[in-house]
Amino acid sequence: MSTHLVDHPASPGPTGNDIPGLPGAPLAGPRDAVATPGSPARPRWERPALVGLLLLTAVLYLWDLSASGWANSFYSAAVQAGSTSWTAFLYGASDAAGSITVDKPPASLWIMALSVRVFGLSSWSILVPQALMGVATVGVLYASVRRHASAGAALLAGAVLALTPVAALMFRFNNPDALLVLLLTLAAWATLRAIEDGRTRWMVLAGALVGLGFLTKQLQAFLVLPGFALAYLVAAPVSLGRRIRDGFLAVGALVLAAGWWVALVELVPASMRPYVGGRRPTRSSS
């Protein structure tokens, strides 16, 4: 009996119809999502849970907000001045005549003064921006944790921040801390992005955000710099020379973001601007 050999064709390799993302490929369903660094698979309940967390945070921070009255009246007076005079607004003067500034740079006052210009002078219009900064900070923290952790861990991190008593107090008051925390949380998110892909723009953004933090509460903004710099220097997926270069560029962005206002104060003659400081110098009696 003769045996007939039949040549079976080899199994074809993957085609365009088999590879997601190529023309003709089937669309991936919710169960087909692949978790990759920086973009984990997202369960269906995650987005509603996040919206719920942000709404509850907003309710927590906005509820009976006027109970604080004018909060820190020292800064509220500067906000009122900035809402009526652009010179007082620019320098953070405590009075509309622009005789003397408050004891901090004016970045946090700018946001509150713009709110008062839009909504009119009230404790609500002064304090609402602070509460909304709190909601934004919770969202940024969630986004940062979520890049490398589960949805549950990210939501838990946001909830812990929202429910921390000192945070709830800080985001319902008009001290500069609310804006400072938001800016530094954003800077941490940008640094994390830089560590993931090594792109220079993220480190530049982080430096600029810290610089704006300086315009909010001076040197307190710089407390995070050693941690950010060390994390990028150790973990960024680029050469050592590139990491050092990006670090210098980030410092440059920081100096530009913080230094323009300092340069303005130094270059404008003292007779044409408010006295900068928390109080006027006292003359010694002779």
# chains A, B, ... in the order shown; residues from 1 in each chain; ligands from 1

$ residues_around --residues "A:Phe89" --least-positions-apart "4" --cutoff "8 Å" --atoms "only C-alpha atoms" --output "VMD selection string"
chain A and resid 79 81 to 83 85 93 106 109 to 110 113

$ residues_around --residues "A:Leu155" --least-positions-apart "4" --cutoff "7 Å" --atoms "only C-alpha atoms" --output "list in words"
Leu50, Tyr142, Ala151 and Ala159 of chain A

$ residues_around --residues "A:Phe222" --least-positions-apart "2" --cutoff "10 Å" --atoms "only C-alpha atoms" --output "ChimeraX atom specification"
/A:184,210-211,213-214,217-220,224-226

$ write_last_selection --atoms "N, CA, C and O atoms" --output "compact mmCIF listing (two decimals), in the first residue's frame"
# COMPACT_ATOMS: atom_id res chain seq x y z
N LEU A 184 2.63 71.60 45.34
CA LEU A 184 3.65 70.58 45.61
C LEU A 184 3.14 69.19 45.27
O LEU A 184 3.92 68.32 44.86
N VAL A 210 7.22 74.11 41.78
CA VAL A 210 7.87 74.43 43.06
C VAL A 210 8.19 75.92 43.12
O VAL A 210 8.08 76.55 44.19
N GLY A 211 8.58 76.52 41.99
CA GLY A 211 8.83 77.95 41.96
C GLY A 211 7.58 78.75 42.30
O GLY A 211 7.64 79.73 43.05
N GLY A 213 5.30 77.60 44.14
CA GLY A 213 5.15 77.36 45.57
C GLY A 213 5.94 78.37 46.39
O GLY A 213 5.50 78.80 47.46
N PHE A 214 7.11 78.76 45.90
CA PHE A 214 7.90 79.80 46.58
C PHE A 214 7.13 81.11 46.61
O PHE A 214 7.16 81.84 47.60
N LYS A 217 4.54 80.51 49.64
CA LYS A 217 4.97 80.51 51.05
C LYS A 217 6.48 80.39 51.18
O LYS A 217 6.99 79.71 52.07
N GLN A 218 7.18 81.00 50.29
CA GLN A 218 8.64 81.15 50.36
C GLN A 218 9.36 79.81 50.48
O GLN A 218 9.03 78.85 49.78
N LEU A 219 10.32 79.72 51.37
CA LEU A 219 11.24 78.58 51.41
C LEU A 219 10.58 77.27 51.83
O LEU A 219 11.18 76.21 51.65
N GLN A 220 9.39 77.32 52.39
CA GLN A 220 8.72 76.06 52.73
C GLN A 220 8.49 75.20 51.50
O GLN A 220 8.43 73.97 51.60
N VAL A 224 10.62 69.88 49.59
CA VAL A 224 10.45 68.66 48.79
C VAL A 224 11.59 68.45 47.80
O VAL A 224 11.70 67.36 47.21
N LEU A 225 12.41 69.46 47.58
CA LEU A 225 13.41 69.38 46.51
C LEU A 225 14.40 68.22 46.68
O LEU A 225 14.68 67.53 45.70
N PRO A 226 14.96 67.97 47.86
CA PRO A 226 15.90 66.84 47.96
C PRO A 226 15.27 65.51 47.58
O PRO A 226 15.90 64.71 46.87

$ residues_around --residues "stretch 253-270 of chain A" --least-positions-apart "4" --cutoff "9 Å" --atoms "only C-alpha atoms" --output "list in words"
Leu90, Tyr91, Pro105, Met203, Val204, Leu205, Ala206, Gly207, Ala208, Leu209, Val210, Gly211, Leu212, Gly213, Phe214, Leu215, Phe248, Leu249, Pro274, Tyr275 and Val276 of chain A

$ closest_residue --among "A:Leu132, A:Ala188, A:Ile126, A:Ala78" --to "A:Thr57" --atoms "only C-alpha atoms"
A:Leu132

$ atom_distance --atom1 "atom CA of A:Pro176" --atom2 "atom CA of A:Thr84"
20.4 Å

$ closest_residue --among "A:Val145, A:Val128, A:Ala235, A:Ala88" --to "A:Ala194" --atoms "only C-alpha atoms"
A:Ala235

$ closest_residue --among "A:Ser73, A:Thr200, A:Ser271, A:Thr164" --to "A:Val102" --atoms "only C-alpha atoms"
A:Ser73

$ atom_distance --atom1 "atom CA of A:Trp86" --atom2 "atom CA of A:Thr216"
18.1 Å

$ residues_around --residues "A:Asp103" --least-positions-apart "5" --cutoff "10 Å" --atoms "only C-alpha atoms" --output "VMD selection string"
chain A and resid 74 to 75 92 to 94 217 276 to 279
